[in-house]
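File shown: start.csv (CSV, C-alpha atoms and all ligand atoms).
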chain,number,residue,atom,x,y,z
A,1,MET,CA,-9.5,-2.1,22.0
A,2,SER,CA,-6.8,-1.6,19.3
A,3,LYS,CA,-8.1,-1.4,15.8
A,4,ILE,CA,-7.0,-4.0,13.3
A,5,LYS,CA,-4.5,-2.4,10.9
A,6,GLN,CA,-4.9,-2.6,7.2
A,7,ARG,CA,-1.9,-4.1,5.3
A,8,VAL,CA,0.2,-2.6,2.7
A,9,LEU,CA,2.5,-4.4,0.3
A,10,SER,CA,4.9,-3.0,-2.2
A,11,GLY,CA,8.3,-3.8,-3.7
A,12,ILE,CA,11.0,-2.6,-6.1
A,13,ARG,CA,12.8,-4.8,-8.5
A,14,ALA,CA,16.5,-5.4,-7.7
A,15,THR,CA,17.8,-4.2,-11.0
A,16,GLY,CA,20.3,-1.5,-10.0
A,17,HIS,CA,20.1,1.8,-8.1
A,18,LEU,CA,16.7,3.4,-7.4
A,19,HIS,CA,15.9,6.4,-9.6
A,20,LEU,CA,13.6,9.4,-9.5
A,21,GLY,CA,10.7,7.3,-11.0
A,22,ASN,CA,10.9,4.9,-8.2
A,23,TYR,CA,11.1,7.7,-5.7
A,24,PHE,CA,8.0,9.6,-6.8
A,25,GLY,CA,6.1,6.7,-8.2
A,26,ALA,CA,6.5,4.3,-5.3
A,27,ILE,CA,8.6,5.4,-2.4
A,28,LYS,CA,6.8,8.6,-1.5
A,29,GLY,CA,3.6,6.5,-1.1
A,30,MET,CA,5.5,3.8,0.8
A,31,LEU,CA,6.8,6.4,3.3
A,32,ALA,CA,3.4,8.0,3.7
A,33,LEU,CA,1.7,4.7,4.6
A,34,GLN,CA,4.5,3.7,6.9
A,35,GLU,CA,3.9,6.8,8.9
A,36,ASP,CA,0.1,6.2,9.1
A,37,ALA,CA,-0.8,4.3,12.2
A,38,ASN,CA,-3.7,2.6,10.4
A,39,PHE,CA,-1.4,0.5,8.3
A,40,GLU,CA,1.0,-2.3,8.7
A,41,THR,CA,3.6,-2.0,5.9
A,42,PHE,CA,5.4,-4.9,4.2
A,43,TYR,CA,8.0,-3.7,1.6
A,44,MET,CA,10.0,-6.3,-0.3
A,45,VAL,CA,13.1,-6.4,-2.4
A,46,ALA,CA,11.5,-7.9,-5.5
A,47,ASP,CA,14.4,-10.1,-6.5
A,48,ALA,CA,12.4,-12.8,-8.1
A,49,HIS,CA,10.7,-10.3,-10.3
A,50,ALA,CA,14.1,-8.9,-11.2
A,51,ILE,CA,15.2,-12.1,-12.9
A,52,THR,CA,12.3,-12.1,-15.3
A,53,THR,CA,14.4,-10.0,-17.6
A,54,PRO,CA,18.0,-10.8,-18.5
A,55,TYR,CA,20.6,-10.0,-15.8
A,56,LYS,CA,24.2,-10.4,-14.8
A,57,VAL,CA,24.6,-12.6,-11.7
A,58,GLU,CA,27.5,-10.7,-10.1
A,59,GLU,CA,25.8,-7.3,-10.5
A,60,PHE,CA,22.5,-8.7,-9.2
A,61,ARG,CA,24.2,-9.8,-5.9
A,62,LEU,CA,24.9,-6.1,-5.3
A,63,SER,CA,21.6,-4.8,-6.7
A,64,ARG,CA,19.6,-6.9,-4.1
A,65,LEU,CA,21.5,-5.2,-1.3
A,66,ASN,CA,21.3,-1.8,-2.9
A,67,VAL,CA,17.5,-1.9,-2.7
A,68,ILE,CA,17.6,-2.5,1.1
A,69,LEU,CA,20.2,0.3,1.5
A,70,ASP,CA,18.1,2.7,-0.6
A,71,TYR,CA,14.9,1.7,1.4
A,72,LEU,CA,16.7,2.6,4.6
A,73,ALA,CA,18.3,5.7,3.2
A,74,VAL,CA,15.0,7.2,2.0
A,75,GLY,CA,13.5,6.8,5.5
A,76,LEU,CA,11.9,3.4,5.5
A,77,ASP,CA,12.3,2.3,9.1
A,78,PRO,CA,12.7,-1.4,10.1
A,79,GLU,CA,11.0,-0.6,13.4
A,80,LYS,CA,7.9,0.4,11.4
A,81,SER,CA,8.0,-1.6,8.2
A,82,VAL,CA,8.9,-5.2,7.3
A,83,LEU,CA,11.8,-4.8,4.8
A,84,PHE,CA,12.3,-8.3,3.4
A,85,PHE,CA,13.5,-10.3,0.4
A,86,GLN,CA,10.8,-11.8,-1.8
A,87,SER,CA,12.9,-14.9,-2.5
A,88,ALA,CA,13.3,-15.6,1.2
A,89,VAL,CA,9.6,-16.3,1.4
A,90,PRO,CA,8.9,-19.3,-0.8
A,91,GLN,CA,5.2,-19.0,-0.3
A,92,HIS,CA,5.1,-16.3,-2.9
A,93,PHE,CA,5.9,-18.9,-5.6
A,94,GLU,CA,3.5,-21.5,-4.1
A,95,LEU,CA,0.6,-19.0,-4.1
A,96,ALA,CA,1.5,-17.8,-7.6
A,97,PHE,CA,1.0,-21.3,-8.9
A,98,TYR,CA,-2.3,-21.8,-7.2
A,99,LEU,CA,-3.5,-18.3,-8.5
A,100,SER,CA,-2.3,-19.0,-12.0
A,101,THR,CA,-5.2,-21.4,-12.4
A,102,LEU,CA,-7.6,-18.4,-12.1
A,103,ILE,CA,-6.5,-16.2,-15.1
A,104,SER,CA,-6.2,-16.8,-18.8
A,105,VAL,CA,-3.0,-16.7,-20.9
A,106,ALA,CA,-4.7,-14.4,-23.4
A,107,LYS,CA,-5.3,-11.8,-20.6
A,108,MET,CA,-1.7,-11.9,-19.6
A,109,GLN,CA,-0.5,-11.5,-23.2
A,110,HIS,CA,-2.7,-8.4,-23.7
A,111,LEU,CA,-1.3,-6.4,-20.7
A,112,PRO,CA,0.6,-3.3,-21.9
A,113,THR,CA,3.5,-4.1,-19.5
A,114,PHE,CA,4.0,-7.5,-21.1
A,115,LYS,CA,3.9,-6.0,-24.6
A,116,ASP,CA,6.5,-3.4,-23.6
A,117,LYS,CA,8.8,-6.0,-22.2
A,118,VAL,CA,8.4,-8.1,-25.4
A,119,LYS,CA,9.5,-5.1,-27.4
A,120,GLN,CA,12.5,-4.4,-25.1
A,121,HIS,CA,13.7,-8.0,-25.0
A,122,PRO,CA,12.2,-9.9,-27.9
A,123,GLU,CA,14.7,-12.7,-27.4
A,124,ASN,CA,13.6,-13.3,-23.8
A,125,VAL,CA,9.8,-13.9,-23.9
A,126,THR,CA,9.7,-16.5,-21.1
A,127,MET,CA,7.0,-18.1,-19.0
A,128,ALA,CA,8.3,-16.1,-16.1
A,129,LEU,CA,7.7,-12.8,-17.9
A,130,LEU,CA,4.2,-13.8,-18.8
A,131,ASN,CA,3.5,-14.9,-15.3
A,132,TYR,CA,4.9,-11.7,-13.7
A,133,PRO,CA,1.5,-10.2,-12.9
A,134,VAL,CA,0.3,-13.5,-11.3
A,135,LEU,CA,3.4,-13.5,-9.1
A,136,MET,CA,2.6,-9.9,-8.2
A,137,ALA,CA,-0.9,-10.8,-7.3
A,138,ALA,CA,0.5,-13.5,-5.1
A,139,ASP,CA,2.9,-11.0,-3.5
A,140,ILE,CA,-0.1,-8.8,-2.6
A,141,LEU,CA,-2.6,-11.4,-1.6
A,142,LEU,CA,-0.2,-13.4,0.5
A,143,TYR,CA,-0.2,-10.5,2.9
A,144,LYS,CA,-3.9,-9.7,2.3
A,145,ALA,CA,-2.8,-6.2,1.5
A,146,ASN,CA,-5.5,-3.5,1.1
A,147,GLN,CA,-3.2,-0.8,-0.3
A,148,VAL,CA,-0.4,-1.1,-2.8
A,149,PRO,CA,1.7,2.0,-3.3
A,150,VAL,CA,3.2,1.7,-6.8
A,151,GLY,CA,3.7,3.8,-9.9
A,152,ALA,CA,1.0,4.4,-12.5
A,153,ASP,CA,2.6,1.9,-14.8
A,154,GLN,CA,1.6,-0.9,-12.4
A,155,LYS,CA,-2.1,-0.1,-12.4
A,156,PRO,CA,-3.0,-2.9,-14.9
A,157,HIS,CA,-1.3,-5.3,-12.5
A,158,ILE,CA,-3.4,-4.2,-9.6
A,159,GLU,CA,-6.4,-4.8,-11.8
A,160,VAL,CA,-5.2,-8.4,-12.4
A,161,ALA,CA,-4.7,-8.9,-8.6
A,162,ARG,CA,-8.2,-7.6,-8.0
A,163,GLU,CA,-9.7,-9.9,-10.6
A,164,ILE,CA,-7.8,-12.9,-9.2
A,165,ALA,CA,-8.8,-12.1,-5.6
A,166,ARG,CA,-12.5,-11.7,-6.7
A,167,LYS,CA,-12.4,-15.1,-8.6
A,168,CYS,CA,-10.6,-16.9,-5.8
A,169,ASN,CA,-13.1,-15.6,-3.2
A,170,ASN,CA,-16.1,-16.5,-5.4
A,171,LEU,CA,-14.9,-20.0,-6.3
A,172,TYR,CA,-13.1,-21.1,-3.2
A,173,GLY,CA,-14.5,-19.0,-0.4
A,174,THR,CA,-11.2,-17.3,0.5
A,175,LYS,CA,-11.5,-13.8,2.0
A,176,PHE,CA,-8.9,-11.8,0.2
A,177,PRO,CA,-9.5,-8.1,0.3
A,178,LEU,CA,-9.5,-6.4,-3.1
A,179,PRO,CA,-6.2,-4.5,-3.2
A,180,ASN,CA,-6.2,-0.7,-4.1
A,181,PHE,CA,-3.7,1.2,-6.1
A,182,PHE,CA,-2.2,4.0,-3.9
A,183,ASN,CA,-0.2,6.8,-5.5
A,184,LEU,CA,0.7,10.3,-4.3
A,185,SER,CA,2.2,11.9,-7.3
A,186,GLY,CA,-0.3,10.7,-10.0
A,187,GLU,CA,1.4,10.2,-13.3
A,188,TYR,CA,4.7,8.4,-14.0
A,189,VAL,CA,8.0,10.3,-14.0
A,190,PRO,CA,8.9,10.7,-17.7
A,191,SER,CA,12.2,9.6,-19.3
A,192,LEU,CA,14.9,12.3,-19.7
A,193,THR,CA,15.0,11.3,-23.4
A,194,GLY,CA,11.4,12.6,-23.7
A,195,GLU,CA,10.2,9.1,-24.8
A,196,GLY,CA,8.2,7.0,-22.4
A,197,LYS,CA,8.9,6.7,-18.7
A,198,MET,CA,12.1,6.9,-16.6
A,199,SER,CA,13.3,3.4,-16.4
A,200,LYS,CA,16.4,1.6,-15.2
A,201,THR,CA,16.5,-0.5,-18.3
A,202,VAL,CA,16.5,2.5,-20.7
A,203,VAL,CA,19.9,4.1,-21.1
A,204,GLY,CA,19.9,7.9,-20.7
A,205,SER,CA,16.4,7.9,-19.2
A,206,TYR,CA,17.0,8.2,-15.5
A,207,ILE,CA,18.6,10.1,-12.6
A,208,ASN,CA,19.7,7.7,-9.8
A,209,LEU,CA,19.1,8.6,-6.1
A,210,SER,CA,22.9,8.1,-5.8
A,211,ASP,CA,23.9,10.6,-8.6
A,212,ASP,CA,26.2,13.5,-7.6
A,213,LEU,CA,25.6,17.1,-8.7
A,214,LYS,CA,27.9,17.0,-11.8
A,215,THR,CA,26.2,13.9,-13.0
A,216,ILE,CA,22.7,15.3,-12.4
A,217,GLU,CA,23.7,18.6,-14.2
A,218,LYS,CA,25.0,16.6,-17.2
A,219,LYS,CA,21.9,14.4,-17.4
A,220,VAL,CA,19.5,17.4,-17.1
A,221,ALA,CA,21.5,19.3,-19.7
A,222,LYS,CA,20.9,16.5,-22.1
A,223,ILE,CA,17.1,16.6,-21.9
A,224,PRO,CA,16.3,17.5,-25.6
A,225,THR,CA,14.7,21.0,-25.8
A,226,ASP,CA,13.6,23.3,-28.6
A,227,SER,CA,13.8,27.0,-29.5
A,228,GLY,CA,12.2,27.9,-26.2
A,229,LYS,CA,9.1,29.7,-27.6
A,230,GLY,CA,5.9,28.4,-29.1
A,231,GLU,CA,2.4,27.1,-28.3
A,232,ILE,CA,1.1,24.6,-25.9
A,233,ARG,CA,-1.8,22.3,-26.8
A,234,GLU,CA,-3.9,20.2,-24.5
A,235,LEU,CA,-5.1,16.9,-26.0
A,236,GLU,CA,-7.5,14.4,-24.5
A,237,ALA,CA,-5.3,11.4,-23.7
A,238,GLU,CA,-6.5,8.2,-25.3
A,239,SER,CA,-6.0,5.8,-22.4
A,240,ASP,CA,-6.8,7.9,-19.4
A,241,GLN,CA,-9.0,10.8,-18.3
A,242,HIS,CA,-6.1,13.2,-17.9
A,243,GLN,CA,-5.1,15.9,-20.4
A,244,ASP,CA,-2.0,15.3,-22.4
A,245,ILE,CA,0.1,18.4,-23.1
A,246,VAL,CA,2.1,19.0,-26.3
A,247,TYR,CA,4.7,21.7,-26.7
A,248,ILE,CA,5.2,22.9,-30.3
A,249,ASP,CA,7.9,25.5,-30.8
A,250,ASP,CA,7.8,28.3,-33.4
A,251,SER,CA,9.6,26.2,-36.0
A,252,GLY,CA,6.7,23.7,-35.7
A,253,GLN,CA,8.8,21.1,-33.8
A,254,THR,CA,6.9,19.0,-31.2
A,255,SER,CA,9.2,18.7,-28.2
A,256,LYS,CA,8.7,15.7,-26.0
A,257,GLY,CA,11.8,16.7,-24.0
A,258,VAL,CA,10.3,20.0,-22.9
A,259,LYS,CA,7.3,18.0,-21.6
A,260,SER,CA,9.7,15.8,-19.5
A,261,LEU,CA,11.5,19.0,-18.3
A,262,MET,CA,8.2,20.6,-17.3
A,263,SER,CA,7.1,17.5,-15.4
A,264,LEU,CA,10.4,17.4,-13.4
A,265,ILE,CA,10.0,21.1,-12.7
A,266,GLU,CA,6.5,20.5,-11.4
A,267,LEU,CA,7.8,17.6,-9.2
A,268,PHE,CA,10.8,19.5,-7.7
A,269,VAL,CA,9.7,23.2,-7.8
A,270,GLY,CA,5.9,23.0,-7.9
A,271,GLN,CA,3.0,23.5,-10.2
A,272,GLU,CA,3.1,27.3,-9.9
A,273,LYS,CA,6.6,27.4,-11.4
A,274,ARG,CA,5.6,25.1,-14.3
A,275,LYS,CA,2.7,27.5,-15.1
A,276,GLU,CA,5.0,30.5,-14.9
A,277,TYR,CA,7.5,28.8,-17.4
A,278,GLU,CA,4.6,27.8,-19.6
A,279,ALA,CA,3.4,31.4,-19.8
A,280,GLU,CA,6.9,32.5,-20.7
A,281,TYR,CA,7.1,29.8,-23.4
A,282,LYS,CA,4.0,31.2,-25.0
A,283,LYS,CA,5.2,34.9,-24.6
A,284,ASP,CA,8.9,35.9,-24.6
A,285,GLY,CA,10.5,32.5,-24.7
A,286,LEU,CA,12.5,30.4,-22.2
A,287,ARG,CA,16.3,30.1,-21.6
A,288,TYR,CA,16.7,26.4,-20.9
A,289,ALA,CA,20.4,26.6,-19.7
A,290,VAL,CA,19.5,28.5,-16.5
A,291,ILE,CA,16.3,26.6,-15.9
A,292,LYS,CA,18.2,23.3,-16.2
A,293,LYS,CA,21.0,24.3,-13.9
A,294,ASN,CA,18.5,25.4,-11.2
A,295,LEU,CA,16.5,22.2,-11.6
A,296,ALA,CA,19.7,20.1,-11.3
A,297,LYS,CA,20.6,21.9,-8.1
A,298,LEU,CA,17.1,21.3,-6.5
A,299,ILE,CA,17.2,17.6,-7.5
A,300,TYR,CA,20.6,17.3,-5.9
A,301,GLU,CA,19.5,19.1,-2.7
A,302,GLU,CA,16.6,16.7,-2.3
A,303,LEU,CA,18.9,13.7,-2.8
A,304,LEU,CA,21.9,14.7,-0.7
A,305,PRO,CA,20.6,13.8,2.8
A,306,ILE,CA,19.5,10.4,1.3
A,307,GLN,CA,23.0,9.9,-0.1
A,308,GLU,CA,24.7,10.8,3.3
A,309,ARG,CA,22.5,8.3,5.2
A,310,ARG,CA,23.2,5.6,2.6
A,311,ARG,CA,26.9,6.0,3.0
A,312,GLU,CA,26.7,5.6,6.7
A,313,LEU,CA,24.4,2.6,6.5
A,314,ALA,CA,26.6,0.8,4.0
A,315,LYS,CA,29.2,0.5,6.7
A,316,ARG,CA,26.9,-1.3,9.2
A,317,THR,CA,26.9,-4.8,7.7
A,318,ASP,CA,25.9,-6.6,10.9
A,319,TYR,CA,23.0,-4.3,11.5
A,320,LEU,CA,21.8,-4.9,7.9
A,321,ALA,CA,22.1,-8.7,8.2
A,322,ASN,CA,20.1,-8.6,11.5
A,323,ILE,CA,17.2,-6.5,10.2
A,324,ILE,CA,17.0,-8.5,7.0
A,325,GLU,CA,16.8,-11.8,8.8
A,326,ASP,CA,14.3,-10.5,11.3
A,327,ALA,CA,12.1,-9.1,8.5
A,328,ASN,CA,12.3,-12.2,6.4
A,329,GLN,CA,11.0,-14.2,9.3
A,330,LYS,CA,8.2,-11.8,10.0
A,331,ALA,CA,7.1,-12.0,6.4
A,332,ARG,CA,7.3,-15.9,6.4
A,333,ASN,CA,5.1,-16.0,9.5
A,334,VAL,CA,2.3,-14.1,7.7
A,335,ALA,CA,2.8,-16.0,4.5
A,336,GLU,CA,2.6,-19.5,6.2
A,337,GLN,CA,-0.7,-18.6,7.6
A,338,THR,CA,-2.2,-17.5,4.3
A,339,ILE,CA,-0.9,-20.5,2.5
A,340,ALA,CA,-2.4,-22.8,5.1
A,341,GLU,CA,-5.8,-21.1,4.6
A,342,VAL,CA,-5.6,-21.3,0.8
A,343,LYS,CA,-4.6,-25.0,0.8
A,344,GLU,CA,-7.5,-25.8,3.0
A,345,LYS,CA,-9.9,-23.9,0.7
A,346,PHE,CA,-8.4,-25.5,-2.4
A,347,ALA,CA,-8.7,-29.0,-0.8
A,348,LEU,CA,-4.9,-29.3,-0.9
A,349,SER,CA,-4.4,-29.8,2.9
A,350,ILE,CA,-2.9,-33.0,4.2
A,351,VAL,CA,-5.7,-35.5,4.9
A,352,THR,CA,-5.4,-36.8,8.5
B,401,LIG,P1,10.5,-1.3,-10.8
B,401,LIG,O1,11.9,-0.6,-10.8
B,401,LIG,O2,10.0,-1.4,-12.2
B,401,LIG,O3,10.4,-2.5,-10.0
B,401,LIG,O4,9.6,-0.2,-10.2
B,401,LIG,C1,9.5,-0.1,-8.8
B,401,LIG,C2,8.4,0.9,-8.5
B,401,LIG,O5,8.7,2.2,-9.0
B,401,LIG,C3,7.0,0.5,-9.1
B,401,LIG,O6,6.0,0.8,-8.2
B,401,LIG,C4,6.9,1.3,-10.3
B,401,LIG,O7,5.6,1.6,-10.7
B,401,LIG,C5,7.6,2.6,-9.9
B,401,LIG,N1,8.2,3.3,-11.0
B,401,LIG,C6,9.2,2.8,-11.8
B,401,LIG,N2,9.5,3.7,-12.8
B,401,LIG,C7,8.6,4.7,-12.6
B,401,LIG,C8,8.4,6.0,-13.3
B,401,LIG,N3,9.2,6.3,-14.3
B,401,LIG,N4,7.4,6.8,-12.8
B,401,LIG,C9,6.7,6.4,-11.7
B,401,LIG,N5,6.8,5.3,-11.1
B,401,LIG,C10,7.8,4.4,-11.5

Would you put the structure from the file into structure tokens?
Amino acid sequence: MSKIKQRVLSGIRATGHLHLGNYFGAIKGMLALQEDANFETFYMVADAHAITTPYKVEEFRLSRLNVILDYLAVGLDPEKSVLFFQSAVPQHFELAFYLSTLISVAKMQHLPTFKDKVKQHPENVTMALLNYPVLMAADILLYKANQVPVGADQKPHIEVAREIARKCNNLYGTKFPLPNFFNLSGEYVPSLTGEGKMSKTVVGSYINLSDDLKTIEKKVAKIPTDSGKGEIRELEAESDQHQDIVYIDDSGQTSKGVKSLMSLIELFVGQEKRKEYEAEYKKDGLRYAVIKKNLAKLIYEELLPIQERRRELAKRTDYLANIIEDANQKARNVAEQTIAEVKEKFALSIVT
């Protein structure tokens, strides 16, 4: 007898090209679960989430397709994963409305992700922005997903989805599984500026999966560094259990850029190399120019095969249209079933 597979749901907002933060934060996990026979994987282009922040219509048309191309180029396989568009499955929005009855406005206003967006776009604090985590809960629960491979920044949203699922099950007798946060690389990928996380919406913060060697070299060279020699302090981070590391050079300057550089070295070269460099920082001092050039080369080598596949795929427009239509339909089939169950539980079914 074949075992019932657990479901996986994830998505990436269609706001430009994918970057290293998306790659380590989300895609590595998405790929791992796709290859695990215990899971059935649904990966959407989160185009409705993308319009919760200001956008340019013509660029957005391209960005939506870019995500599908990037998904395929990194190795997501339409034979194994359902690669669909969120906006092609209207049940996401229907379920989001039903679920919005289960969570308070105050809870949404206090989420760190909401506060960050308010700071970034103070002129655009819309209902859609406030409702973002509810729509994300609907995305997940519509497919009754058990695992959600996303970056660490999304953890509070998974908590909201769990709270909504719990409430819905208790109040209405639905049987939503409580979704779990799934992440392979732990922390978020930091910004190249040294401040916060790598993000598409912060200029100078990211390396795109499509960047060429020269561009990567230039971006890595710009990571702000210090004199190369100093002390390293480990602080207890406020919000989490992990240790926070601070690099203070011999002139007393705290260097957040060095921290970003070390994180990237750990991701691309390994933890051993980071430890080695940290020992040199404390002893004889580091020469950043050579380290940065090597790092840029390693990043490019990891991205090159992805870029080659992407170029080939972009030419196959009929193939792309077919897999998208097929996937949208598969997603709708699951979604229709869940909505029918929810409407029945909420007493919203047609009376016959
Ligand atoms: P977004 O582009 O905001 O839709 O993010 C898509 C996915 O990438 C989500 O799972 C995010 O958590 C993840 N992600 C985005 N930026 C980062 C980052 N700097 N570090 C780790 N994960 C990230």

Restrict the calculation to all atoms listed in the file, then for each residue of chain A with any atom at most 9 Å from an atom of ligand LIG 401 (chain B) give the closest atom pair and their distance in Å to one decimal, rows by chain and rising residue number, as JSON lines.
{"residue": "A:Ser10", "atom": "CA", "partner": "B:LIG401", "partner_atom": "O6", "distance": 7.2}
{"residue": "A:Gly11", "atom": "CA", "partner": "B:LIG401", "partner_atom": "C1", "distance": 6.4}
{"residue": "A:Ile12", "atom": "CA", "partner": "B:LIG401", "partner_atom": "O3", "distance": 3.9}
{"residue": "A:Arg13", "atom": "CA", "partner": "B:LIG401", "partner_atom": "O3", "distance": 3.6}
{"residue": "A:Ala14", "atom": "CA", "partner": "B:LIG401", "partner_atom": "O3", "distance": 7.1}
{"residue": "A:Thr15", "atom": "CA", "partner": "B:LIG401", "partner_atom": "O1", "distance": 6.9}
{"residue": "A:Gly16", "atom": "CA", "partner": "B:LIG401", "partner_atom": "O1", "distance": 8.5}
{"residue": "A:His17", "atom": "CA", "partner": "B:LIG401", "partner_atom": "O1", "distance": 9.0}
{"residue": "A:Leu18", "atom": "CA", "partner": "B:LIG401", "partner_atom": "O1", "distance": 7.1}
{"residue": "A:His19", "atom": "CA", "partner": "B:LIG401", "partner_atom": "N2", "distance": 7.6}
{"residue": "A:Leu20", "atom": "CA", "partner": "B:LIG401", "partner_atom": "N3", "distance": 7.2}
{"residue": "A:Gly21", "atom": "CA", "partner": "B:LIG401", "partner_atom": "C8", "distance": 3.5}
{"residue": "A:Asn22", "atom": "CA", "partner": "B:LIG401", "partner_atom": "O5", "distance": 3.6}
{"residue": "A:Tyr23", "atom": "CA", "partner": "B:LIG401", "partner_atom": "O5", "distance": 6.8}
{"residue": "A:Phe24", "atom": "CA", "partner": "B:LIG401", "partner_atom": "C9", "distance": 6.0}
{"residue": "A:Gly25", "atom": "CA", "partner": "B:LIG401", "partner_atom": "N5", "distance": 3.3}
{"residue": "A:Ala26", "atom": "CA", "partner": "B:LIG401", "partner_atom": "O6", "distance": 4.6}
{"residue": "A:Ile27", "atom": "CA", "partner": "B:LIG401", "partner_atom": "O5", "distance": 7.3}
{"residue": "A:Val45", "atom": "CA", "partner": "B:LIG401", "partner_atom": "O3", "distance": 9.0}
{"residue": "A:Ala46", "atom": "CA", "partner": "B:LIG401", "partner_atom": "O3", "distance": 7.1}
{"residue": "A:His49", "atom": "CA", "partner": "B:LIG401", "partner_atom": "O3", "distance": 7.8}
{"residue": "A:Ala50", "atom": "CA", "partner": "B:LIG401", "partner_atom": "O3", "distance": 7.5}
{"residue": "A:Val148", "atom": "CA", "partner": "B:LIG401", "partner_atom": "O6", "distance": 8.6}
{"residue": "A:Pro149", "atom": "CA", "partner": "B:LIG401", "partner_atom": "O6", "distance": 6.6}
{"residue": "A:Val150", "atom": "CA", "partner": "B:LIG401", "partner_atom": "O6", "distance": 3.3}
{"residue": "A:Gly151", "atom": "CA", "partner": "B:LIG401", "partner_atom": "O7", "distance": 3.0}
{"residue": "A:Ala152", "atom": "CA", "partner": "B:LIG401", "partner_atom": "O7", "distance": 5.7}
{"residue": "A:Asp153", "atom": "CA", "partner": "B:LIG401", "partner_atom": "O7", "distance": 5.1}
{"residue": "A:Gln154", "atom": "CA", "partner": "B:LIG401", "partner_atom": "O7", "distance": 5.0}
{"residue": "A:Lys155", "atom": "CA", "partner": "B:LIG401", "partner_atom": "O7", "distance": 8.1}
{"residue": "A:Ser185", "atom": "CA", "partner": "B:LIG401", "partner_atom": "C9", "distance": 8.4}
{"residue": "A:Gly186", "atom": "CA", "partner": "B:LIG401", "partner_atom": "C9", "distance": 8.4}
{"residue": "A:Glu187", "atom": "CA", "partner": "B:LIG401", "partner_atom": "C9", "distance": 6.7}
{"residue": "A:Tyr188", "atom": "CA", "partner": "B:LIG401", "partner_atom": "N4", "distance": 3.4}
{"residue": "A:Val189", "atom": "CA", "partner": "B:LIG401", "partner_atom": "N4", "distance": 3.7}
{"residue": "A:Pro190", "atom": "CA", "partner": "B:LIG401", "partner_atom": "N3", "distance": 5.6}
{"residue": "A:Ser191", "atom": "CA", "partner": "B:LIG401", "partner_atom": "N3", "distance": 6.7}
{"residue": "A:Gly196", "atom": "CA", "partner": "B:LIG401", "partner_atom": "N3", "distance": 8.2}
{"residue": "A:Lys197", "atom": "CA", "partner": "B:LIG401", "partner_atom": "N3", "distance": 4.4}
{"residue": "A:Met198", "atom": "CA", "partner": "B:LIG401", "partner_atom": "N3", "distance": 3.7}
{"residue": "A:Ser199", "atom": "CA", "partner": "B:LIG401", "partner_atom": "N2", "distance": 5.2}
{"residue": "A:Lys200", "atom": "CA", "partner": "B:LIG401", "partner_atom": "O1", "distance": 6.7}
{"residue": "A:Thr201", "atom": "CA", "partner": "B:LIG401", "partner_atom": "O1", "distance": 8.8}
{"residue": "A:Ser205", "atom": "CA", "partner": "B:LIG401", "partner_atom": "N3", "distance": 8.9}
{"residue": "A:Tyr206", "atom": "CA", "partner": "B:LIG401", "partner_atom": "N3", "distance": 8.1}

- Gap from atom CA of A:Phe84 to atom CA of A:Leu72 - Å, one decimal: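 Answer for the atom CA of A:Phe84 to atom CA of A:Leu72 separation: 11.8 Å.
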
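The space separating atom CA of A:Thr338 from atom CA of A:Val82 comes to 16.8 Å.
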
- Message: From (0.9, -11.4, -11.5), in the file's coordinates, out to 9 Å: which residues are reached, counting all atoms listed in the file? Answer as a ChimeraX atom specification.
- Response: /A:96,99-100,108,130-139,157-158,160-161

- Would you please work out which residue, of A:Ala32, A:Leu264, A:Ile245, A:Val220, is nearest to A:Val74 when using only C-alpha atoms? A:Ala32

- Message: List the spatial neighbours of stretch 313-319 of chain A as a list in words - criterion: any atom at most 9 Å away, all atoms listed in the file, same-chain residues fewer than 3 positions off excluded.
- Response: Leu69, Leu72, Ala73, Glu308, Arg309, Arg310, Asn322, Ile323 and Ile324 of chain A

- Which distance in Å separates atom CA of A:Leu178 and atom CA of A:Arg7, to one decimal?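 Going from atom CA of A:Leu178 over to atom CA of A:Arg7 covers 11.6 Å.
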
- Item | Long-range neighbours of A:Ala289 as a ChimeraX atom specification, 12 Å cut-off, only C-alpha atoms, 3 positions minimum in chain | /A:217-218,220-228,261,286,292-296

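Comparing the minimum interatomic distances between A:Glu312 and each of A:Asp70, A:Lys273, A:Asp77, A:Ile291, counting only C-alpha atoms, we find that A:Asp70 sits nearest.
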
- Query: In terms of the shortest atom-to-atom distance over all atoms listed in the file, which of A:Glu231, A:Glu336, A:Glu344, A:Asp36 is closest to A:His92?
  - Reply: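 Checking each candidate against A:His92, we get A:Glu336 as the closest.
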
- Task: Find, counting only C-alpha atoms, the residue in A:Lys107, A:Arg233, A:Lys117, A:Lys214 that gets nearest to A:Thr254.
- Result: A:Arg233

Let me have the centre and edge lengths of the axis-aligned box enclosing all listed atoms of stretch 139-147 of chain A with 5 Å padding on every side, in Å to one decimal, as AutoDock Vina command-line options.
--center_x -1.3 --center_y -7.1 --center_z -0.3 --size_x 18.4 --size_y 22.6 --size_z 16.4

- Query: For A:Leu31, which residue out of A:Arg61, A:Lys330, A:Lys297, A:Lys80 is the nearest one, using only C-alpha atoms?
  - Reply: A:Lys80
